[in-house]
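**Q** Sharing a structure below in structure tokens format, with a few things to ask.
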Amino acid sequence: MAEPLYRQNKCLICEISNPKDAIICSACGAPMTLIEEAALQERDPQIVTILGESNVGKSVYLGFLLDMLSKRAGGFEAIPKGAYSVNLQQSVINRMNERRFPPKTPLEVHNWKWAYYQVRKKEQKKQEWFDLLLPDMAGEALSQEIETPKAYKTVIGLLGKSKGLMVLIDAALAASGSPNPDYFALKLMSYVDKQFATHRGGKSKNPIAVILCKADYCPECFDNPRVFAKTNLSRLWNLCESRFSNVEFFASSVVGSLGYAADRENNIETIPLHAAPRGIIEPFDWILQRMKAA
């Protein structure tokens with residue numbers, strides 16, 4: 001049996017050996033702090049990766065998810081391992097309280113925010129803890145990796161080690177008739193299929209939650225996310241049916257109402273007037289249950 005990565009001082013993402021005093025991985029740019037946390041727990045964490053196009057709302061979704069978990073929403077108990085794990089949720093919540101959206105996640109991997117959490121469902125008899133690593137990935141980095149494979153070693157490493165995925169799709173844009181969310185999702189899931197493929201003709205069993213975000217723009221999405229996806233994201237739907245055996249669709253929204261303002265250069269800015277999170281915990285809960293059953 002192979003020795004765990006945390007005992008080899010290898011990067012948890014790309015498995016490249018680094019000096020003991022390294023701050024970030026020399027190969028992929030992931031923080032080496034993750035190894036220290038894994039060593040303290042004496043086990044490598046399970047990775048759940050959030051994927052989505054730029055501006056789809058990955059940072060906002062993940063920030064609210066972590067904040068709700070830390071407040072024991074949905075019967076969960078969550079403990080951050082390392083102060084850096086709180087940075088993303090703190091940044092997102094503070095910005096939203098100031099009625100501003102968080103800035104785009106930088107392309108540079110060493111500037112991404114990573115969250116290492118211990119999570120469990122309190123009401124379950126066994127109350128098993130899960131060590132989860134949840135990275136906030138830049139949408140532009142994902143797009144570049146899809147178009148030019150192997151451009152971002154971190155993306156490849158994350159997908160290769162992910163026990164579950166949360167794929168965010170812009171439901172509002174899809175409902176307006178734009179084919180772009182469907183095309184991006186088709187490219188993305190084709191890339192994921194290549195990373196998850198086990199053998200010719202076999203379907204991936206990794207749990208994948210497709211999250212139809214900004215669903216407050218199209219309330220019918222909440223009524224039946226599967227019907228919405230089949231109608232408005234038919235290309236994605238067909239690929240999921242053909243290549244993935246463990247997929248579920250969810251509707252989600254964070255912003256309760258929006259305002260608009262002009263800056264000094266007369267550019268229109270979108271202002272989140274207040275937060276009304278809905279459908280945030282459910283996709284994560286579903287993935288965790290599938291990971292336990294695996």
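Within each chain, counting starts at residue 1; across the structure tokens, chains are named A, B, ... in the order shown, with ligands numbered 1 upward in that order.
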When you look at Ile287 of chain A with a cut-off of 9 Å (counting only C-alpha atoms), what residues show up, excluding the ones that are within fewer than 6 positions of it in the same chain? I need them as a PyMOL selection string.

**A** chain A and resi 48+163-166+207-209

**Q** Write the selection just made, keeping C-alpha atoms, as a tab-separated table (two decimals), in the first residue's frame?

**A**
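This is the output file part.tsv:
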```tsv
chain	number	residue	atom	x	y	z
A	48	VAL	CA	-14.73	18.39	-3.73
A	163	LYS	CA	-14.28	12.59	-4.98
A	164	GLY	CA	-17.15	14.83	-6.08
A	165	LEU	CA	-17.86	17.85	-8.27
A	166	MET	CA	-20.21	20.81	-8.09
A	207	PRO	CA	-21.05	12.17	-7.73
A	208	ILE	CA	-21.60	15.35	-9.75
A	209	ALA	CA	-24.08	18.01	-8.62
```

**Q** If you run DSSP on the backbone here, which positions in segment 41-235 of chain A get alpha helix (DSSP H)? Please write them as a PyMOL selection string.

**A** chain A and resi 41+58-70+87-97+139-147+153-161+171-175+180-196+220-223+225-232+234-235

**Q** Which neighbours of Pro219 of chain A fall inside 12 Å, counting only C-alpha atoms, when residues of the same chain fewer than 5 positions from it are skipped, and could you give them as a PyMOL selection string?

**A** chain A and resi 171-172+175+212-214+224-225+228+251-253+278

**Q** Pick out the residues sitting within 10 Å of segment 7-20 of chain A, and hand them over as a compact mmCIF listing (two decimals) with N, CA and C atoms, in the first residue's frame; count only C-alpha atoms, and ignore anything fewer than 2 positions along from it in its own chain.

**A**
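Wrote selection.txt, looks like this:
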```
# COMPACT_ATOMS: atom_id res chain seq x y z
N GLU A 3 2.45 4.86 0.59
CA GLU A 3 2.50 5.72 1.76
C GLU A 3 1.70 6.99 1.49
N PRO A 4 0.89 7.47 2.47
CA PRO A 4 0.09 8.68 2.26
C PRO A 4 0.96 9.87 1.88
N LEU A 5 0.39 10.78 1.10
CA LEU A 5 1.14 11.94 0.63
C LEU A 5 1.64 12.81 1.78
N ALA A 22 9.00 24.92 1.73
CA ALA A 22 8.28 25.49 0.60
C ALA A 22 6.91 26.02 1.04
N ILE A 23 6.54 27.16 0.52
CA ILE A 23 5.23 27.77 0.84
C ILE A 23 4.20 27.33 -0.18
N ILE A 24 4.59 27.34 -1.46
CA ILE A 24 3.70 26.86 -2.51
C ILE A 24 4.43 25.80 -3.32
N CYS A 25 3.65 24.94 -3.97
CA CYS A 25 4.24 23.87 -4.78
C CYS A 25 4.97 24.48 -5.98
N SER A 26 6.18 23.99 -6.23
CA SER A 26 6.99 24.51 -7.33
C SER A 26 6.43 24.12 -8.69
N ALA A 27 5.58 23.10 -8.74
CA ALA A 27 5.05 22.62 -10.01
C ALA A 27 3.68 23.19 -10.35
N CYS A 28 2.75 23.17 -9.38
CA CYS A 28 1.38 23.58 -9.70
C CYS A 28 0.92 24.84 -8.97
N GLY A 29 1.67 25.30 -7.96
CA GLY A 29 1.32 26.53 -7.27
C GLY A 29 0.36 26.37 -6.11
N ALA A 30 -0.07 25.14 -5.80
CA ALA A 30 -0.97 24.92 -4.67
C ALA A 30 -0.23 25.16 -3.35
N PRO A 31 -0.92 25.64 -2.31
CA PRO A 31 -0.24 25.90 -1.04
C PRO A 31 0.21 24.61 -0.36
N MET A 32 1.44 24.61 0.12
CA MET A 32 1.97 23.45 0.83
C MET A 32 1.41 23.34 2.24
N THR A 33 0.72 24.40 2.69
CA THR A 33 0.05 24.35 4.00
C THR A 33 -0.93 23.19 4.06
N LEU A 34 -1.47 22.80 2.91
CA LEU A 34 -2.43 21.70 2.88
C LEU A 34 -1.81 20.42 3.39
N ILE A 35 -0.52 20.22 3.10
CA ILE A 35 0.18 19.03 3.58
C ILE A 35 0.28 19.04 5.10
N GLU A 36 0.56 20.21 5.66
CA GLU A 36 0.67 20.33 7.12
C GLU A 36 -0.64 19.98 7.79
N ALA A 38 -3.03 18.07 6.53
CA ALA A 38 -3.25 16.63 6.34
C ALA A 38 -2.42 15.81 7.33
N ALA A 39 -1.19 16.27 7.59
CA ALA A 39 -0.32 15.56 8.53
C ALA A 39 -0.91 15.59 9.94
N GLU A 42 -3.54 13.14 9.99
CA GLU A 42 -2.99 11.82 9.67
C GLU A 42 -3.82 11.11 8.60
N ARG A 43 -4.32 11.90 7.65
CA ARG A 43 -5.02 11.33 6.49
C ARG A 43 -5.13 12.41 5.42
N ASP A 44 -5.07 11.98 4.17
CA ASP A 44 -5.24 12.92 3.08
C ASP A 44 -6.71 13.32 2.98
N PRO A 45 -7.01 14.60 2.69
CA PRO A 45 -8.41 15.03 2.62
C PRO A 45 -9.08 14.54 1.35
N ILE A 47 -11.34 15.62 -1.77
CA ILE A 47 -11.47 16.88 -2.49
C ILE A 47 -12.82 16.96 -3.20
N LYS A 153 -1.72 22.66 -14.39
CA LYS A 153 -1.52 21.39 -13.71
C LYS A 153 -2.43 21.27 -12.48
N THR A 154 -2.73 22.39 -11.86
CA THR A 154 -3.58 22.36 -10.67
C THR A 154 -4.97 21.85 -11.01
N VAL A 155 -5.53 22.29 -12.14
CA VAL A 155 -6.87 21.86 -12.54
C VAL A 155 -6.87 20.35 -12.80
N ILE A 156 -5.86 19.87 -13.51
CA ILE A 156 -5.76 18.44 -13.78
C ILE A 156 -5.64 17.65 -12.49
N GLY A 157 -4.77 18.14 -11.58
CA GLY A 157 -4.59 17.45 -10.30
C GLY A 157 -5.84 17.42 -9.46
N LEU A 158 -6.55 18.54 -9.43
CA LEU A 158 -7.78 18.61 -8.65
C LEU A 158 -8.83 17.62 -9.17
N LEU A 159 -9.03 17.59 -10.47
CA LEU A 159 -10.03 16.69 -11.03
C LEU A 159 -9.62 15.23 -10.85
N GLY A 160 -8.33 14.97 -10.99
CA GLY A 160 -7.87 13.60 -10.83
C GLY A 160 -8.07 13.06 -9.43
N LYS A 161 -8.11 13.96 -8.44
CA LYS A 161 -8.26 13.54 -7.05
C LYS A 161 -9.64 13.84 -6.46
N SER A 162 -10.50 14.48 -7.23
CA SER A 162 -11.81 14.88 -6.71
C SER A 162 -12.72 13.67 -6.48
```

**Q** Ranking A:Asn180, A:Ser85, A:Gln41, A:Asn238 by minimum distance to Leu62 of chain A and counting only C-alpha atoms, which one comes first?

**A** A:Ser85

**Q** One number please: atom CA of Val60 of chain A to atom CA of Arg243 of chain A, in Å, one decimal.

**A**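 Separation between atom CA of Val60 of chain A and atom CA of Arg243 of chain A: 29.1 Å.
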
**Q** Using DSSP assignments from the backbone, pull out every residue in segment 67-223 of chain A that falls under strand (DSSP E or B) and give it to me as a ChimeraX atom specification.

**A** /A:76-80,113-121,130-136,162-170,204,208-213

**Q** Rounded to one decimal, what separation in Å do you get between atom CA of Ile50 of chain A and atom CA of Asp21 of chain A?

**A**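 Separating atom CA of Ile50 of chain A from atom CA of Asp21 of chain A is a distance of 29.1 Å.
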
**Q** Residues near Asn94 of chain A, anyone? I mean within 12 Å using only C-alpha atoms, not counting same-chain ones fewer than 5 positions away, as a JSON list (two decimals) with N, CA and C atoms, in the first residue's frame.

**A**
```json
[["chain", "number", "residue", "atom", "x", "y", "z"],
["A", 60, "VAL", "N", -19.02, 33.31, -4.73],
["A", 60, "VAL", "CA", -20.17, 33.64, -3.88],
["A", 60, "VAL", "C", -20.82, 32.38, -3.36],
["A", 63, "GLY", "N", -18.44, 30.70, -0.81],
["A", 63, "GLY", "CA", -18.37, 31.51, 0.40],
["A", 63, "GLY", "C", -19.59, 31.33, 1.28],
["A", 64, "PHE", "N", -20.78, 31.35, 0.67],
["A", 64, "PHE", "CA", -22.01, 31.16, 1.45],
["A", 64, "PHE", "C", -22.13, 29.72, 1.95],
["A", 67, "ASP", "N", -19.89, 29.41, 4.95],
["A", 67, "ASP", "CA", -20.41, 30.19, 6.07],
["A", 67, "ASP", "C", -21.63, 29.50, 6.69],
["A", 87, "ASN", "N", -10.81, 32.56, 5.10],
["A", 87, "ASN", "CA", -10.63, 33.79, 4.32],
["A", 87, "ASN", "C", -11.70, 34.00, 3.25],
["A", 88, "LEU", "N", -12.03, 32.93, 2.52],
["A", 88, "LEU", "CA", -12.99, 33.08, 1.43],
["A", 88, "LEU", "C", -14.36, 33.49, 1.94],
["A", 89, "GLN", "N", -14.88, 32.74, 2.92],
["A", 89, "GLN", "CA", -16.23, 33.07, 3.40],
["A", 89, "GLN", "C", -16.27, 34.45, 4.03],
["A", 99, "ARG", "N", -22.86, 45.41, 0.05],
["A", 99, "ARG", "CA", -23.61, 45.49, -1.21],
["A", 99, "ARG", "C", -22.67, 45.56, -2.42],
["A", 100, "ARG", "N", -21.69, 44.69, -2.37],
["A", 100, "ARG", "CA", -20.75, 44.55, -3.49],
["A", 100, "ARG", "C", -20.48, 43.08, -3.73],
["A", 101, "PHE", "N", -20.31, 42.71, -4.99],
["A", 101, "PHE", "CA", -19.90, 41.36, -5.29],
["A", 101, "PHE", "C", -18.39, 41.24, -5.10],
["A", 102, "PRO", "N", -17.90, 40.05, -4.72],
["A", 102, "PRO", "CA", -16.45, 39.87, -4.58],
["A", 102, "PRO", "C", -15.75, 39.99, -5.93],
["A", 275, "ALA", "N", -28.93, 39.59, 0.53],
["A", 275, "ALA", "CA", -28.73, 38.17, 0.26],
["A", 275, "ALA", "C", -29.92, 37.36, 0.75]]
```

**Q** Rounded to one decimal place, report the atom CA of Ile211 of chain A-atom CA of Trp112 of chain A distance in Å.

**A** 21.5 Å

**Q** Which residues, written as a list in words, have at least one atom at most 9 Å from Leu236 of chain A, with only C-alpha atoms counted and residues fewer than 3 positions away on the same chain left out?

**A**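 Residues near the query, excluding close chain neighbours: Asp182, Tyr183, Phe184, Ala185, Leu186, Lys187, Met189, Ala229, Lys230, Leu233, Leu239, Cys240 and Glu241 of chain A.
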
**Q** So which residues touch Val227 of chain A within 12 Å, counting only C-alpha atoms, skipping near sequence neighbours fewer than 4 positions away, as a list of chain:residue names?

**A**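 After dropping sequence-adjacent residues, the list is A:Leu212, A:Glu220, A:Cys221, A:Phe222, A:Asp223, A:Thr231, A:Asn232, A:Leu233, A:Ser234, A:Trp237, A:Glu248, A:Phe249, A:Phe250, A:Ala251.
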
**Q** For Ala115 of chain A, which of A:Gln144, A:Ile93, A:Ala138, A:Ala83 is the closest residue, counting only C-alpha atoms?

**A**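 Ranking A:Gln144, A:Ile93, A:Ala138, A:Ala83 by distance to Ala115 of chain A, first place goes to A:Ala83.
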